[in-house]
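Just below is one structure, and these are the notes that go with it.
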Amino acid sequence: MSNILCCGRASDGQLGEVENGCLLKLNQLNINDVASENIRNICGSKRNTLILTRDGLVYTAGRAEVLGRTGNHTPPALISSLEVFTVKSVDFGEDHAVGVTSSGAVCSWGFNSQGQCGHAPPHFVDKPTLLRPIAGVKVTHISCGARHTLALCDGAEVFSWGDATYGQLGYMTNLKLNHNPTRVSVLEGAPVIQVAAGGWHSAALTVSGQLFVWGSNTFGQLGLGDTMVRPTPRLVQLMQRQCLVSVCCGEHHTVVLTFTGAVFTWGAGNYGQLGHGNTNQQIVPRQVSELMGDQVTMARCGSNHTVVMTSSAHLYGWGNCSSGQLGIGKIAHNIPTPSLFTDVWTPAGLSLGDIYCGGDQTYVRLSRQNKRLSGGNRTCDLSEGKLASTLSDLEELGDPTQLITYITSLFGRVANINSLFVTPSSYVDLEQGSGIDMMRMRKVMSQLRGINHPEYHKAVTQLLKENIIPNLPRVIVTPEQLRVFCVLAELPQLYRPKDFVPQFSDAILQLPQLSLQILCKWFSKYDVSYFEALISILKKSVLRSLVNRLHDTVQNNKRLRDMEKCLKVLALLNDINAAHEIVPYNTFYIHEVTEHHDLQEDYRNWVEDREVSFCKYPFVLTAGAKAKLLTIDANQQMMQVVQSIAVNQFLSRGQINVNPFLELNVRRENLILDTLRQLQEYENTPHVLKKPLKVTFSGEEGYDAGGVKKELFLLLMKELLSPNYGMFTVDPESRFIWFSQFSFEHNSNYHLIGLLCGLAIYNSTIVDINFPPALYKKLLRKPVTLSDFAKLFPTQGNTLRQLLAYNEPDFEDVMCLTFSVTRDCFGELTEVDLVPSGRTKSVTLENRQEYVNAYIDHFLNSSVEAQYEAFAHGFLFVAGGNVFNLFHAEELMHMVSGMQDFNFRDLETITEYKSGYDADHPVIKMFWEVFHEMDLPTKKKFLIFLTGSDRIPIHGIHSIKLIIQKVKNNERLPVAHTCFNILDLPPYPNKAILKDKLLTAIRNTEGFGLV
């Protein structure tokens, strides 16, 4: 007995010999010796039935002209001419049928008046006939509309042919028909897993559940909110967040099934085929509310009826029942609400397996297992494949041929790549995340990096060159097309042996702005290692172009263009990093730039806006390189001044006399006033302040080789930062200093500190002033954030973060906050409004971000505005300019205050020896043993003793020149010449004496011991 049940129109024998031409209830279908468990698919038109078995045989019944065979029209009989093939997919249109073989070839038969069979005239094809190969691709799935055909290929590409009257082919054409299979180019790169053809409209579903529709829209069957024809695919926006797993189309309506088992319908409703309890048309998707109490596992469409199966093994149908196709035991013009099929025969051990629909028929296959959630014909779905294990198995075989074939199937098409590594989370919000399972992708990519077959690397490189890079998406209809950029960044062959990174970068830069924003948002959410790897390949490509440019002047312009493409993408990543702090800012440094590039020339190119300049991309330049540019810029300004003076002197026949230094002569007892007075003399000539600084103390002899100006800075800062002045406050946790809101000092002192910090930058002198990064961001005119605030005030910053993280409804009762803050002014508590009338404005869940912003603004901006502006005026008066804006905030901080993080062992490698000492001298060996045994605080005190600071310049420890020289008197303590960073070290007889003498000298030093 047959385990296939059917009902509906049977007037042409499509359901066997049936009295009255229709079956009103589900009855057994006679299919001879074909076991129901062997059936892959059943489909049909209003007048025909087609059955496909799992071993690739095709049976037809019904209208004789389109059976594709000779013989009786009923019951279903084998198409013998197809026995030479193994058919994998088949579908029926109104009066044509199309099948796909296991090799991906397409055959068709039936009426061809609109080219729906894919053949040139004649208008009728009486038996299955192969089409010419379609663009070198393998077809995997077919769907037929009334007079058009859709084909889904193994690369997730969609082709179409046939009637083009209503745009149902998905591409712009002036023709009314097209018998040549043609790619739907708008969907190129989209990971399509299912196609569905309605009467005169079409649909495609992607791996992440994004639905695209096109064609006729007379009844709103496209679900776009109107009835306008769409000749190219459009995304159904209202379904973006519904996690779609399958789509099917009737003559003029569309049905989708979601991941959670909900059913949505839209389009024509004249037969009640939408299931909304009426016969109205619906131009936007609407859920079938009658089914909300049960999970639907399968949904199918006939021409004007819809059938679903639920997880509780119930079969519901609605719509046209004029031929009994709803199996309710009677004929009805319309059934507008879901109705149970009646008297469904299910013998012991069997249950509802699959459901299928023809034009006016319904078919049910009974099975020994209940079918759960069905995604329909989800072909090309690679997201569930066991890639890692398959790669391991193939690699163990040792034969690269099979491995290359498998890799080609994965990475051969952009759309395939976009299907890889997808997780269910991709259903949620593609604008927020790519949906890629990063752990899985990294595991597979790690395996690929470990493959050493030369043939494999050659094959992947060839794929990149011919299939992937030229086809990277430019037109974006779904964010899913962007996944390829995330995956390729992990593929080692992207940058070796051939460098595809410039083309990869160019494709990113050519993306529409909205798509580029989405891609950048994805990048921002990946882990540190991925982000670092992406930065690394771009840096390597920049360096490769830079080096090759020096050796290949013929390709110079191309190298420059390639380099700039990568630099522009690095700029995007740098912006992402600035917003999200994923990696340290110096991760972007390309240290080799100074080795292979002339910074002087780069500066000129930048100023004159010629060629590619690294100054346009300062984040790749090290702080040392930027410091050199600062000097170049200062020299350029001085040159212009000297030239101007020279012209004036020549015209006045005078003598040119330009002092190359900025000289300060100060009295120790009047340091602040003397320094301020002399610096104020240059208010109208700021370029003078950029000269090298020379300092003399009044009444004292000595040549300033660096130590004297170091002492001036130290003494000035020690006095200006004294608690007696009350100009700054120190956070006890971060140890950063900040402007005091309640200082009584004149703003000229803040101005002086700003001038000194600016001078420190130009003179490579470290100033002992611990300002936070927030100050330098303000100087660079960059907005300060909660992260910056928390670095300065960790406790308060943590409180604000907790405030933003608390989402309970009792927020106001728990927090009890208003838009005001209490400040301590010399022991007196004062309440300050953060906004007008702030103390009467409560902080709520809705306005808490406004409160946090106002709180940060008060402490970092408005409450210290006068003090900051005075400081900034002094600082920028010296350091301001175009080059200044190239710096990162933390680079400026290190330029002023020096760096604390360095390896003290490097001191030994940079030290020189004089007067009889060398690295192998016993005293020197003892000295370094003693030094390395010191604890960290003592090592820092030694550095202060020797150089005047416990920090090193931003150029690095190698920028310090340390000298240890031999002196004869063993009774003396070691003496430091801080002007020259020279240590006088007597030849002590043993390690114990050396250690005692050295520690004594270190502990008893204060400031500079000038000799």
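Please note that chains go A, B, ... in the order of the structure tokens, that every chain numbers its residues from 1, and that ligands are numbered from 1 in the order shown.
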Distance query Asp824 in chain A at most 12 Å, only C-alpha atoms, self and fewer than 4 positions along chain excluded, as number ranges by chain: A: 729, 740-742, 828-832
Fewer than 6 positions away in the same chain doesn't count, so skip those; otherwise give me all residues within 9 Å of Tyr617 in chain A, counting only C-alpha atoms, as an MDAnalysis selection string. chainID A and resid 567:568 570:571 886
Hey, what's within 10 Å of Leu860 in chain A if we count only C-alpha atoms and toss same-chain stuff fewer than 5 positions away? As a PyMOL selection string, please? chain A and resi 738-739+774-775+778+784-785+788-789+792+854-855+865+868
Residues at most 9 Å from range 303-311 of chain A, counting only C-alpha atoms, excluding those fewer than 3 positions away in the same chain, as a ChimeraX atom specification? /A:45-46,198-199,249-253,255,261,263,268-275,291,294-300,314-321,325-326,334-335,338,352,354-362,370-373
Using DSSP on the backbone, list every residue of range 133-359 of chain A that comes out as helix (DSSP H, G or I), and give them as a PyMOL selection string. chain A and resi 185-187+237-239+289-291
Closest-contact table, range 943-996 of chain A side, partner range 925-928 of chain A, 9 Å, counting only C-alpha atoms, as CSV:
residue,atom,partner,partner_atom,distance
A:Asn990,CA,A:Met926,CA,7.7
A:Lys991,CA,A:Met926,CA,5.7
A:Leu994,CA,A:Phe927,CA,7.1
A:Lys995,CA,A:Phe927,CA,7.7
Within 9 Å of range 504-510 of chain A, counting only C-alpha atoms, which residues qualify if same-chain residues fewer than 2 places away don't, as an MDAnalysis selection string? chainID A and resid 469 472:474 485 488:489 494 500:502 512:513 516 519 538 562 565:569
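Between CA of Arg1003 in chain A and CA of Met895 in chain A lies a distance of 27.7 Å.
Across A:Asn467, A:Asp499, A:Leu514, A:Leu222, the tightest approach to Met563 in chain A is made by A:Asp499 when counting only C-alpha atoms.
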Nearest to Ile476 in chain A, restricted to only C-alpha atoms and choosing among A:Ile982, A:Ile518, A:Leu410, A:Met717, comes out as A:Ile518
Excluding range 931-933 of chain A and residues on its chain fewer than 6 positions from it, collect all residues at most 10 Å away from it, counting only C-alpha atoms, and give them as a PDB file with N, CA, C and O atoms, in the first residue's frame.
ATOM      1  N   PHE A 904      64.935  47.982  32.239  1.00  0.00           N
ATOM      2  CA  PHE A 904      66.162  48.527  32.813  1.00  0.00           C
ATOM      3  C   PHE A 904      67.401  47.766  32.341  1.00  0.00           C
ATOM      4  O   PHE A 904      68.521  48.300  32.386  1.00  0.00           O
ATOM      5  N   ARG A 905      67.222  46.534  31.915  1.00  0.00           N
ATOM      6  CA  ARG A 905      68.385  45.779  31.426  1.00  0.00           C
ATOM      7  C   ARG A 905      68.955  46.400  30.157  1.00  0.00           C
ATOM      8  O   ARG A 905      70.133  46.204  29.843  1.00  0.00           O
ATOM      9  N   GLU A 908      72.243  48.604  30.228  1.00  0.00           N
ATOM     10  CA  GLU A 908      73.569  48.001  30.076  1.00  0.00           C
ATOM     11  C   GLU A 908      74.002  47.963  28.618  1.00  0.00           C
ATOM     12  O   GLU A 908      75.171  48.175  28.291  1.00  0.00           O
ATOM     13  N   LYS A 925      81.550  44.771  35.545  1.00  0.00           N
ATOM     14  CA  LYS A 925      80.716  43.586  35.760  1.00  0.00           C
ATOM     15  C   LYS A 925      80.086  43.612  37.147  1.00  0.00           C
ATOM     16  O   LYS A 925      78.917  43.275  37.324  1.00  0.00           O
ATOM     17  N   LYS A 939      66.249  51.426  41.363  1.00  0.00           N
ATOM     18  CA  LYS A 939      66.705  51.622  39.982  1.00  0.00           C
ATOM     19  C   LYS A 939      66.241  52.968  39.447  1.00  0.00           C
ATOM     20  O   LYS A 939      66.978  53.662  38.740  1.00  0.00           O
ATOM     21  N   PHE A 942      68.338  55.642  40.847  1.00  0.00           N
ATOM     22  CA  PHE A 942      69.624  55.705  40.146  1.00  0.00           C
ATOM     23  C   PHE A 942      69.490  56.510  38.857  1.00  0.00           C
ATOM     24  O   PHE A 942      70.366  57.327  38.520  1.00  0.00           O
ATOM     25  N   LYS A 995      78.714  48.437  46.087  1.00  0.00           N
ATOM     26  CA  LYS A 995      77.272  48.537  46.366  1.00  0.00           C
ATOM     27  C   LYS A 995      76.999  49.584  47.434  1.00  0.00           C
ATOM     28  O   LYS A 995      76.087  50.410  47.298  1.00  0.00           O
ATOM     29  N   LEU A 998      77.656  53.166  45.997  1.00  0.00           N
ATOM     30  CA  LEU A 998      76.670  53.553  44.980  1.00  0.00           C
ATOM     31  C   LEU A 998      75.326  53.882  45.629  1.00  0.00           C
ATOM     32  O   LEU A 998      74.694  54.905  45.315  1.00  0.00           O
ATOM     33  N   LEU A 999      74.870  53.038  46.540  1.00  0.00           N
ATOM     34  CA  LEU A 999      73.578  53.277  47.197  1.00  0.00           C
ATOM     35  C   LEU A 999      73.628  54.543  48.046  1.00  0.00           C
ATOM     36  O   LEU A 999      72.647  55.287  48.131  1.00  0.00           O
TER      37      LEU A 999
END
